[in-house]
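Chemist: File follows, target09.txt with compact mmCIF, C-alpha atoms:
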```
# COMPACT_ATOMS: atom_id res chain seq x y z
CA MET A 1 22.36 -16.73 -0.05
CA SER A 2 18.64 -16.47 0.75
CA SER A 3 15.96 -16.02 -1.89
CA THR A 4 15.70 -12.33 -1.00
CA GLU A 5 19.42 -11.68 -1.30
CA LEU A 6 19.84 -11.49 -5.05
CA PRO A 7 23.18 -11.03 -6.77
CA SER A 8 23.83 -7.51 -7.91
CA VAL A 9 23.34 -6.55 -11.53
CA PRO A 10 25.99 -3.99 -12.46
CA THR A 11 24.69 -0.69 -13.72
CA ALA A 12 26.52 1.83 -15.82
CA THR A 13 29.50 3.34 -14.04
CA VAL A 14 28.45 6.80 -15.16
CA LEU A 15 24.70 7.29 -15.23
CA PRO A 16 23.25 9.26 -18.12
CA LYS A 17 22.20 12.82 -17.52
CA VAL A 18 18.48 12.96 -16.95
CA ALA A 19 16.07 15.74 -16.13
CA PRO A 20 16.06 16.81 -12.48
CA VAL A 21 13.44 15.38 -10.16
CA ARG A 22 10.47 17.66 -9.66
CA VAL A 23 10.36 19.54 -6.37
CA ALA A 24 7.03 21.10 -5.43
CA GLU A 25 6.72 24.53 -3.88
CA GLY A 26 7.74 24.40 -0.24
CA GLU A 27 9.72 21.16 -0.64
CA ARG A 28 13.43 20.46 -0.71
CA LEU A 29 15.58 17.45 -1.59
CA ARG A 30 18.79 16.22 -0.08
CA SER A 31 20.92 13.08 -0.35
CA VAL A 32 22.05 11.01 2.62
CA ALA A 33 24.89 8.55 2.02
CA PHE A 34 25.55 5.33 3.92
CA PRO A 35 27.97 2.53 3.09
CA GLY A 36 26.39 0.78 0.10
CA ILE A 37 23.34 3.02 -0.36
CA THR A 38 22.46 6.65 -0.94
CA LEU A 39 18.95 7.85 -0.13
CA THR A 40 17.19 10.94 -1.41
CA VAL A 41 14.98 12.60 1.18
CA ARG A 42 12.13 14.96 0.29
CA SER A 43 11.03 17.28 3.07
CA ARG A 44 9.05 20.35 3.97
CA PRO A 45 10.49 22.89 6.40
CA PRO A 46 8.42 22.62 9.57
CA ALA A 47 5.66 25.19 9.87
CA ARG A 48 6.67 25.73 13.48
CA GLU A 49 9.06 24.32 16.04
CA GLY A 50 8.23 21.27 18.08
CA LEU A 51 6.15 19.38 15.53
CA PRO A 52 6.36 15.59 15.79
CA PRO A 53 8.40 13.95 12.99
CA ALA A 54 6.82 11.86 10.23
CA LEU A 55 8.42 9.67 7.57
CA TYR A 56 6.70 8.42 4.40
CA VAL A 57 7.67 5.35 2.33
CA HIS A 58 6.31 4.85 -1.21
CA GLY A 59 5.28 1.74 -3.10
CA LEU A 60 6.56 -0.27 -6.07
CA GLY A 61 7.36 2.02 -9.00
CA GLY A 62 6.63 5.10 -6.92
CA SER A 63 8.76 7.72 -5.26
CA SER A 64 8.67 10.32 -2.52
CA GLN A 65 6.59 12.47 -4.89
CA ASN A 66 3.63 10.19 -4.14
CA TRP A 67 3.41 11.87 -0.74
CA THR A 68 3.72 15.50 -1.85
CA GLU A 69 0.06 16.38 -1.48
CA LEU A 70 -0.44 14.62 1.87
CA MET A 71 2.72 16.28 3.20
CA ARG A 72 1.31 19.64 2.16
CA VAL A 73 -2.04 18.97 3.81
CA LEU A 74 -0.33 17.87 7.04
CA ASP A 75 1.88 20.97 7.13
CA GLY A 76 1.53 22.36 10.65
CA VAL A 77 0.64 18.94 12.08
CA VAL A 78 3.86 16.99 11.60
CA GLU A 79 7.38 17.65 10.34
CA SER A 80 7.36 15.65 7.11
CA GLU A 81 10.08 13.72 5.32
CA ALA A 82 9.65 11.16 2.53
CA LEU A 83 12.26 8.69 1.30
CA ASP A 84 13.07 7.52 -2.18
CA LEU A 85 13.82 3.83 -1.62
CA PRO A 86 17.07 2.57 -3.21
CA GLY A 87 16.67 2.40 -6.99
CA PHE A 88 13.54 4.58 -7.04
CA GLY A 89 12.90 8.28 -7.39
CA ASP A 90 16.24 10.05 -7.16
CA SER A 91 17.98 7.34 -5.07
CA PRO A 92 20.55 5.26 -6.98
CA PRO A 93 20.50 1.45 -6.79
CA PRO A 94 21.97 -0.23 -3.71
CA ASP A 95 25.50 -1.52 -4.22
CA ASP A 96 24.51 -5.08 -3.22
CA GLY A 97 21.44 -5.23 -5.49
CA ASP A 98 19.21 -6.13 -2.52
CA TYR A 99 15.67 -4.99 -3.26
CA SER A 100 14.00 -7.36 -0.80
CA VAL A 101 11.43 -6.10 1.68
CA THR A 102 14.03 -6.70 4.37
CA GLY A 103 16.63 -4.76 2.37
CA HIS A 104 14.30 -1.80 1.96
CA ALA A 105 13.35 -1.98 5.66
CA ARG A 106 17.03 -1.97 6.55
CA ALA A 107 17.48 1.22 4.50
CA VAL A 108 14.61 2.92 6.37
CA ILE A 109 16.03 1.86 9.73
CA ARG A 110 19.51 3.08 8.82
CA TYR A 111 18.09 6.46 7.91
CA LEU A 112 16.01 6.76 11.10
CA ASP A 113 18.93 5.70 13.28
CA ALA A 114 21.24 8.20 11.60
CA ALA A 115 18.71 11.05 11.62
CA GLY A 116 17.87 10.56 15.29
CA ARG A 117 14.29 11.67 14.64
CA GLY A 118 12.56 8.64 16.10
CA PRO A 119 10.12 7.65 17.18
CA VAL A 120 8.33 8.92 14.06
CA HIS A 121 4.84 8.75 12.68
CA LEU A 122 5.59 6.21 9.94
CA PHE A 123 3.52 6.01 6.72
CA GLY A 124 3.71 3.31 4.04
CA ASN A 125 1.86 2.58 0.81
CA SER A 126 1.80 -0.77 -1.02
CA LEU A 127 5.38 -2.11 -0.98
CA GLY A 128 6.13 0.69 1.47
CA GLY A 129 3.37 -0.72 3.67
CA ALA A 130 5.13 -4.09 3.84
CA VAL A 131 8.45 -2.36 4.48
CA THR A 132 7.12 -0.16 7.29
CA THR A 133 5.28 -3.09 8.88
CA ARG A 134 8.63 -4.87 9.12
CA VAL A 135 10.30 -1.74 10.51
CA ALA A 136 7.60 -1.31 13.17
CA ALA A 137 7.83 -4.99 14.15
CA VAL A 138 11.60 -5.21 14.53
CA ARG A 139 12.31 -1.66 15.78
CA PRO A 140 9.31 -0.50 17.84
CA ASP A 141 11.50 2.19 19.39
CA LEU A 142 11.55 4.01 16.04
CA VAL A 143 7.77 4.11 15.43
CA ARG A 144 5.21 6.18 17.33
CA THR A 145 2.27 5.45 15.02
CA LEU A 146 1.93 3.48 11.79
CA THR A 147 -0.31 4.50 8.89
CA LEU A 148 -0.67 1.95 6.10
CA VAL A 149 -2.34 2.76 2.78
CA SER A 150 -3.15 -0.44 0.86
CA PRO A 151 -0.19 -2.32 2.38
CA ALA A 152 1.24 -5.18 0.31
CA LEU A 153 0.61 -7.93 2.86
CA PRO A 154 0.38 -11.56 1.67
CA GLU A 155 -2.78 -12.66 -0.12
CA LEU A 156 -3.64 -16.25 -1.00
CA ARG A 157 -5.79 -15.15 -3.94
CA VAL A 158 -4.12 -12.30 -5.81
CA GLN A 159 -6.47 -10.14 -7.86
CA ARG A 160 -6.30 -10.76 -11.59
CA THR A 161 -5.53 -7.10 -12.18
CA ALA A 162 -2.42 -7.44 -9.98
CA VAL A 163 -1.05 -10.50 -11.82
CA PRO A 164 0.91 -8.56 -14.50
CA THR A 165 2.79 -6.68 -11.78
CA ALA A 166 3.50 -9.91 -9.92
CA LEU A 167 4.83 -11.45 -13.14
CA LEU A 168 7.62 -8.85 -13.13
CA ALA A 169 9.18 -10.99 -10.41
CA LEU A 170 9.83 -13.82 -12.88
CA PRO A 171 13.32 -13.84 -14.44
CA GLY A 172 13.33 -12.21 -17.87
CA VAL A 173 9.77 -10.88 -17.74
CA ALA A 174 10.76 -7.27 -17.04
CA ALA A 175 13.27 -7.28 -19.92
CA LEU A 176 10.65 -8.82 -22.22
CA PHE A 177 8.03 -6.27 -21.21
CA ALA A 178 10.54 -3.45 -21.77
CA ARG A 179 11.15 -4.71 -25.33
CA LEU A 180 7.47 -5.24 -26.09
CA THR A 181 6.55 -1.75 -24.90
CA LYS A 182 9.56 0.04 -26.34
CA GLU A 183 7.38 2.12 -28.66
CA TRP A 184 4.92 3.15 -25.96
CA THR A 185 4.98 6.86 -25.21
CA ALA A 186 5.33 8.20 -21.69
CA GLU A 187 1.74 9.44 -21.97
CA GLN A 188 0.49 5.92 -22.76
CA ARG A 189 2.41 4.46 -19.84
CA VAL A 190 1.09 7.07 -17.42
CA ARG A 191 -2.51 6.54 -18.56
CA GLY A 192 -2.10 2.81 -17.95
CA MET A 193 -0.58 3.41 -14.54
CA LEU A 194 -3.36 5.78 -13.51
CA ALA A 195 -6.04 3.36 -14.69
CA LEU A 196 -4.44 0.66 -12.53
CA CYS A 197 -3.72 2.70 -9.40
CA TYR A 198 -6.54 5.24 -9.18
CA GLY A 199 -10.16 4.52 -8.36
CA ASP A 200 -11.03 7.42 -10.66
CA PRO A 201 -8.20 8.61 -12.94
CA GLY A 202 -10.34 11.65 -13.72
CA ARG A 203 -9.33 13.07 -10.34
CA VAL A 204 -5.85 13.73 -11.71
CA THR A 205 -5.50 17.34 -12.76
CA PRO A 206 -3.97 18.28 -16.13
CA GLU A 207 -0.94 19.63 -14.26
CA GLY A 208 -0.67 16.40 -12.27
CA PHE A 209 -0.79 14.38 -15.48
CA ARG A 210 1.94 16.51 -17.10
CA ASN A 211 4.12 16.08 -14.01
CA ALA A 212 3.60 12.31 -14.08
CA VAL A 213 4.56 12.15 -17.77
CA GLU A 214 7.68 14.20 -17.09
CA GLU A 215 8.67 11.85 -14.28
CA MET A 216 8.00 8.78 -16.45
CA GLU A 217 10.22 10.18 -19.20
CA ARG A 218 12.97 10.73 -16.65
CA ARG A 219 12.71 7.23 -15.19
CA LEU A 220 12.82 5.50 -18.57
CA GLN A 221 16.26 7.03 -19.16
CA LEU A 222 17.67 5.33 -16.07
CA PRO A 223 19.54 2.11 -16.96
CA TYR A 224 18.45 0.41 -13.74
CA PHE A 225 14.73 1.26 -13.96
CA TRP A 226 13.48 -2.18 -14.98
CA ASP A 227 15.97 -4.00 -12.78
CA ALA A 228 14.76 -2.10 -9.71
CA MET A 229 11.14 -2.84 -10.62
CA ALA A 230 11.76 -6.55 -11.22
CA ARG A 231 13.86 -7.10 -8.13
CA SER A 232 11.48 -5.21 -5.85
CA ALA A 233 8.54 -7.19 -7.27
CA ARG A 234 10.54 -10.38 -6.58
CA GLY A 235 11.19 -9.10 -3.08
CA ILE A 236 7.45 -8.78 -2.45
CA VAL A 237 6.77 -12.29 -3.79
CA ASP A 238 9.58 -13.70 -1.66
CA ALA A 239 8.22 -11.92 1.42
CA TYR A 240 4.80 -13.47 0.74
CA THR A 241 6.32 -16.94 0.93
CA LEU A 242 8.17 -16.46 4.21
CA GLY A 243 6.69 -18.27 7.19
CA GLY A 244 7.32 -18.28 10.91
CA GLN A 245 8.39 -15.14 12.73
CA HIS A 246 9.63 -13.55 9.49
CA GLY A 247 6.22 -13.77 7.81
CA LEU A 248 4.60 -10.38 7.30
CA TRP A 249 1.32 -11.34 8.98
CA ARG A 250 3.23 -12.62 12.01
CA GLN A 251 5.18 -9.39 12.08
CA ALA A 252 1.97 -7.38 11.81
CA GLU A 253 0.84 -9.08 15.03
CA ARG A 254 4.04 -7.89 16.71
CA VAL A 255 3.52 -4.21 15.90
CA LEU A 256 3.00 -2.24 19.10
CA ALA A 257 2.37 1.18 17.58
CA PRO A 258 -1.20 2.43 17.12
CA THR A 259 -1.98 1.64 13.49
CA LEU A 260 -4.26 3.32 10.94
CA LEU A 261 -5.24 1.08 8.03
CA ILE A 262 -6.63 2.66 4.85
CA TYR A 263 -8.09 0.58 2.01
CA GLY A 264 -9.81 1.62 -1.22
CA ALA A 265 -12.75 -0.43 -2.47
CA ARG A 266 -11.60 0.11 -6.08
CA ASP A 267 -8.04 -1.04 -5.40
CA GLN A 268 -6.84 -3.26 -8.28
CA MET A 269 -3.52 -4.14 -6.65
CA VAL A 270 -4.36 -5.06 -3.05
CA GLY A 271 -7.59 -6.92 -2.35
CA PHE A 272 -10.17 -4.84 -0.48
CA ARG A 273 -11.15 -8.06 1.28
CA MET A 274 -7.82 -7.94 3.12
CA ALA A 275 -8.89 -4.86 5.11
CA HIS A 276 -10.63 -6.73 7.91
CA ARG A 277 -7.89 -9.34 8.16
CA ALA A 278 -5.38 -6.54 8.61
CA ALA A 279 -7.58 -4.88 11.25
CA ARG A 280 -7.55 -8.15 13.21
CA ALA A 281 -3.80 -8.69 12.79
CA PHE A 282 -2.58 -5.32 14.09
CA ARG A 283 -3.28 -5.29 17.81
CA ASP A 284 -4.04 -1.57 18.16
CA SER A 285 -5.67 -0.66 14.86
CA ARG A 286 -8.38 1.46 13.33
CA LEU A 287 -9.69 0.95 9.82
CA LEU A 288 -10.75 3.49 7.19
CA THR A 289 -12.34 2.16 4.01
CA LEU A 290 -12.90 4.49 1.06
CA PRO A 291 -15.50 3.28 -1.44
CA ASP A 292 -14.22 5.33 -4.39
CA ALA A 293 -10.46 5.10 -3.79
CA GLY A 294 -7.99 2.87 -5.56
CA HIS A 295 -4.47 1.87 -4.57
CA VAL A 296 -3.08 5.33 -3.68
CA ALA A 297 -5.68 6.92 -1.43
CA MET A 298 -3.15 9.45 -0.11
CA MET A 299 -2.91 10.85 -3.66
CA GLU A 300 -6.62 10.61 -4.50
CA TYR A 301 -8.07 11.74 -1.17
CA PRO A 302 -5.29 13.46 0.78
CA GLU A 303 -7.70 15.52 2.89
CA THR A 304 -9.60 12.41 4.01
CA VAL A 305 -6.39 10.53 4.80
CA ALA A 306 -5.07 13.57 6.69
CA THR A 307 -8.25 13.80 8.77
CA ALA A 308 -7.98 10.13 9.74
CA PHE A 309 -4.34 10.60 10.68
CA ARG A 310 -5.10 13.68 12.76
CA ASP A 311 -7.66 11.62 14.67
CA LEU A 312 -5.05 8.90 15.24
CA LEU A 313 -2.51 11.50 16.37
CA ALA A 314 -4.99 13.13 18.74
CA SER A 315 -6.01 9.86 20.39
CA THR A 316 -2.38 8.73 20.66
CA THR A 317 -1.35 12.04 22.19
CA ARG A 318 -4.20 11.90 24.72
CA ALA A 319 -3.24 8.33 25.65
CA GLU A 320 0.31 9.52 26.25
CA GLY A 321 -0.95 12.37 28.42
CA GLY A 322 0.12 15.15 26.06
CA ALA A 323 -1.59 18.21 24.66
CA VAL A 324 -3.29 18.02 21.28
CA ASN A 325 -2.95 20.79 18.68
CA THR A 326 -3.84 19.93 15.11
CA THR A 327 -5.58 23.16 14.18
CA GLU A 328 -2.89 24.48 11.87
CA THR A 329 -3.48 22.02 9.07
CA LYS A 330 -3.64 23.68 5.66
CA ARG A 331 -6.61 22.67 3.54
CA SER A 332 -6.93 22.96 -0.22
```
So, in terms of structure tokens, how does the structure I just supplied come out?
Modeler:
Amino acid sequence: MSSTELPSVPTATVLPKVAPVRVAEGERLRSVAFPGITLTVRSRPPAREGLPPALYVHGLGGSSQNWTELMRVLDGVVESEALDLPGFGDSPPPDDGDYSVTGHARAVIRYLDAAGRGPVHLFGNSLGGAVTTRVAAVRPDLVRTLTLVSPALPELRVQRTAVPTALLALPGVAALFARLTKEWTAEQRVRGMLALCYGDPGRVTPEGFRNAVEEMERRLQLPYFWDAMARSARGIVDAYTLGGQHGLWRQAERVLAPTLLIYGARDQMVGFRMAHRAARAFRDSRLLTLPDAGHVAMMEYPETVATAFRDLLASTTRAEGGAVNTTETKRS
């Protein structure tokens, strides 16, 4: 058994009833079952026929809801779907307990193969950035372009603000943290999360804050919440230690798809200094740096991220000899 293939921790046979996952106006949810995993897919009905497909993959502790606003802004440009990775959002844990980067990448590939939508415009944030990098490297036939927002690629010097999250990978730390913070309210947890992930938490609207609190309350009722967090954090750490052809930087060099890299200068999770290394590693890349953004630029500045993607799409379409039509984007 490799270091990324962890033994499964049994969860309750019957999960407790929790509040339903929030679905924004214009979105819909569906479940797709495979042997060993069930994935929840969030989508928007295409604004018109013939739009190119896009798939979005969230980061550690996130869900498909992290992409709601960007999906809305890109309505009319792409046909959007976002996955809840196994154990996150509304997707139950995988039967084998594999939360490694490879395990998550395998889930994405299984979905794309089954859906027959590829090649897609693939988006990834944080952990999802590592996952989608691996997908693009090993299955280039499934990826038309790759957009990475603060991807969790290996760093030799991890930022001090990211250390507590990395410590979740250590055995027992997640359970200890859960006990120590048992009395914390959902509001306190959300404020801490926003302070860590946003360049400016003040950009979150009152409605957005209420929705985040509601989602936090729902997640804390799930018996596998901390296990999924700990094992996925361990999966990232394990991926950082892999060398040779399985190393994430080596796999980044193998990516053939045109790649858009987006980094926030106020990111407390992924070092801003990694932006230029990433731009050198991906062979066909363009780099967007946002001075006021944190770790989730697609949530803080969806219009800016959408504009950069439309530029990538237009240049890719021209290179392929196709027509370009991105004029139907909805703006807030």
Chemist: Restricting the calculation to only C-alpha atoms, which member of A:Leu60, A:Val255, A:Leu194, A:Ala228 is positioned closest to A:Val135?
Modeler: A:Val255
Chemist: At what distance in Å, to one decimal, does atom CA of A:Ala178 lie from atom CA of A:Arg210?
Modeler: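 It comes out at 22.2 Å.
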Chemist: Which is closer to A:Gly62 than all the others in A:Asp95, A:Asp90, A:Glu207, A:Asp141, using only C-alpha atoms?
Modeler: A:Asp90
Chemist: Quick one: distance from atom CA of A:Ala82 to atom CA of A:Thr289 in Å, one decimal?
Modeler: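 For atom CA of A:Ala82 relative to atom CA of A:Thr289, the distance reads 23.8 Å.
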Chemist: I need the residue nearest A:Leu312 from this list: A:Ala293, A:Leu176, A:Leu287, A:Val32. Use only C-alpha atoms for the distance.
Modeler: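 Checking each of A:Ala293, A:Leu176, A:Leu287, A:Val32 against A:Leu312, counting only C-alpha atoms, the winner is A:Leu287.
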Chemist: Can you tell me which residues surround A:Val149 at a distance of at most 12 Å, considering all atoms listed in the file, apart from same-chain residues fewer than 3 positions away, and format the answer as an MDAnalysis selection string?
Modeler: chainID A and resid 56:59 66:67 122:130 132:133 146 152:153 259:264 267 269:270 272 275 278 287:290 293:302 305:306 308:309
Chemist: With C-alpha atoms retained, could you export that selection as an mmCIF file, in the frame of the given file?
Modeler:
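Contents of selection-v2.cif, as written:
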```cif
data_model
loop_
_atom_site.group_PDB
_atom_site.id
_atom_site.type_symbol
_atom_site.label_atom_id
_atom_site.label_comp_id
_atom_site.auth_asym_id
_atom_site.auth_seq_id
_atom_site.Cartn_x
_atom_site.Cartn_y
_atom_site.Cartn_z
ATOM 1 C CA TYR A 56 6.700 8.420 4.400
ATOM 2 C CA VAL A 57 7.670 5.350 2.330
ATOM 3 C CA HIS A 58 6.310 4.850 -1.210
ATOM 4 C CA GLY A 59 5.280 1.740 -3.100
ATOM 5 C CA ASN A 66 3.630 10.190 -4.140
ATOM 6 C CA TRP A 67 3.410 11.870 -0.740
ATOM 7 C CA LEU A 122 5.590 6.210 9.940
ATOM 8 C CA PHE A 123 3.520 6.010 6.720
ATOM 9 C CA GLY A 124 3.710 3.310 4.040
ATOM 10 C CA ASN A 125 1.860 2.580 0.810
ATOM 11 C CA SER A 126 1.800 -0.770 -1.020
ATOM 12 C CA LEU A 127 5.380 -2.110 -0.980
ATOM 13 C CA GLY A 128 6.130 0.690 1.470
ATOM 14 C CA GLY A 129 3.370 -0.720 3.670
ATOM 15 C CA ALA A 130 5.130 -4.090 3.840
ATOM 16 C CA THR A 132 7.120 -0.160 7.290
ATOM 17 C CA THR A 133 5.280 -3.090 8.880
ATOM 18 C CA LEU A 146 1.930 3.480 11.790
ATOM 19 C CA ALA A 152 1.240 -5.180 0.310
ATOM 20 C CA LEU A 153 0.610 -7.930 2.860
ATOM 21 C CA THR A 259 -1.980 1.640 13.490
ATOM 22 C CA LEU A 260 -4.260 3.320 10.940
ATOM 23 C CA LEU A 261 -5.240 1.080 8.030
ATOM 24 C CA ILE A 262 -6.630 2.660 4.850
ATOM 25 C CA TYR A 263 -8.090 0.580 2.010
ATOM 26 C CA GLY A 264 -9.810 1.620 -1.220
ATOM 27 C CA ASP A 267 -8.040 -1.040 -5.400
ATOM 28 C CA MET A 269 -3.520 -4.140 -6.650
ATOM 29 C CA VAL A 270 -4.360 -5.060 -3.050
ATOM 30 C CA PHE A 272 -10.170 -4.840 -0.480
ATOM 31 C CA ALA A 275 -8.890 -4.860 5.110
ATOM 32 C CA ALA A 278 -5.380 -6.540 8.610
ATOM 33 C CA LEU A 287 -9.690 0.950 9.820
ATOM 34 C CA LEU A 288 -10.750 3.490 7.190
ATOM 35 C CA THR A 289 -12.340 2.160 4.010
ATOM 36 C CA LEU A 290 -12.900 4.490 1.060
ATOM 37 C CA ALA A 293 -10.460 5.100 -3.790
ATOM 38 C CA GLY A 294 -7.990 2.870 -5.560
ATOM 39 C CA HIS A 295 -4.470 1.870 -4.570
ATOM 40 C CA VAL A 296 -3.080 5.330 -3.680
ATOM 41 C CA ALA A 297 -5.680 6.920 -1.430
ATOM 42 C CA MET A 298 -3.150 9.450 -0.110
ATOM 43 C CA MET A 299 -2.910 10.850 -3.660
ATOM 44 C CA GLU A 300 -6.620 10.610 -4.500
ATOM 45 C CA TYR A 301 -8.070 11.740 -1.170
ATOM 46 C CA PRO A 302 -5.290 13.460 0.780
ATOM 47 C CA VAL A 305 -6.390 10.530 4.800
ATOM 48 C CA ALA A 306 -5.070 13.570 6.690
ATOM 49 C CA ALA A 308 -7.980 10.130 9.740
ATOM 50 C CA PHE A 309 -4.340 10.600 10.680
#
```
Chemist: Just the number, please: distance in Å from atom CA of A:Arg286 to atom CA of A:Ala314, one decimal.
Modeler: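 Spanning atom CA of A:Arg286 to atom CA of A:Ala314 is a straight-line distance of 13.3 Å.
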Chemist: Taking into account all atoms listed in the file, which residue in the set A:Val204, A:Thr102, A:Ala114, A:Pro86 is nearest to A:Asp238?
Modeler: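 Of A:Val204, A:Thr102, A:Ala114, A:Pro86, the one nearest A:Asp238 is A:Thr102, counting all atoms listed in the file.
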Chemist: Name the residues within 10 Å of (3.8, 6.3, -20.8), counting all atoms listed in the file in the file's coordinates, and put them as a VMD selection string.
Modeler: chain A and resid 181 183 to 193 212 to 217 220
Chemist: Could you give me the axis-aligned bounding box of stretch 44-61 of chain A, with 6 Å of padding per side, as centre plus edge lengths in Å to one decimal, as AutoDock Vina command-line options?
Modeler:
```
--center_x 7.9 --center_y 12.7 --center_z 4.5 --size_x 17.2 --size_y 38.0 --size_z 39.1
```
Chemist: Find, counting all atoms listed in the file, the residue in A:Thr145, A:Thr68, A:Thr40, A:Ser315 that gets nearest to A:Asp84.
Modeler: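 Comparing A:Thr145, A:Thr68, A:Thr40, A:Ser315 against A:Asp84, the winner is A:Thr40.
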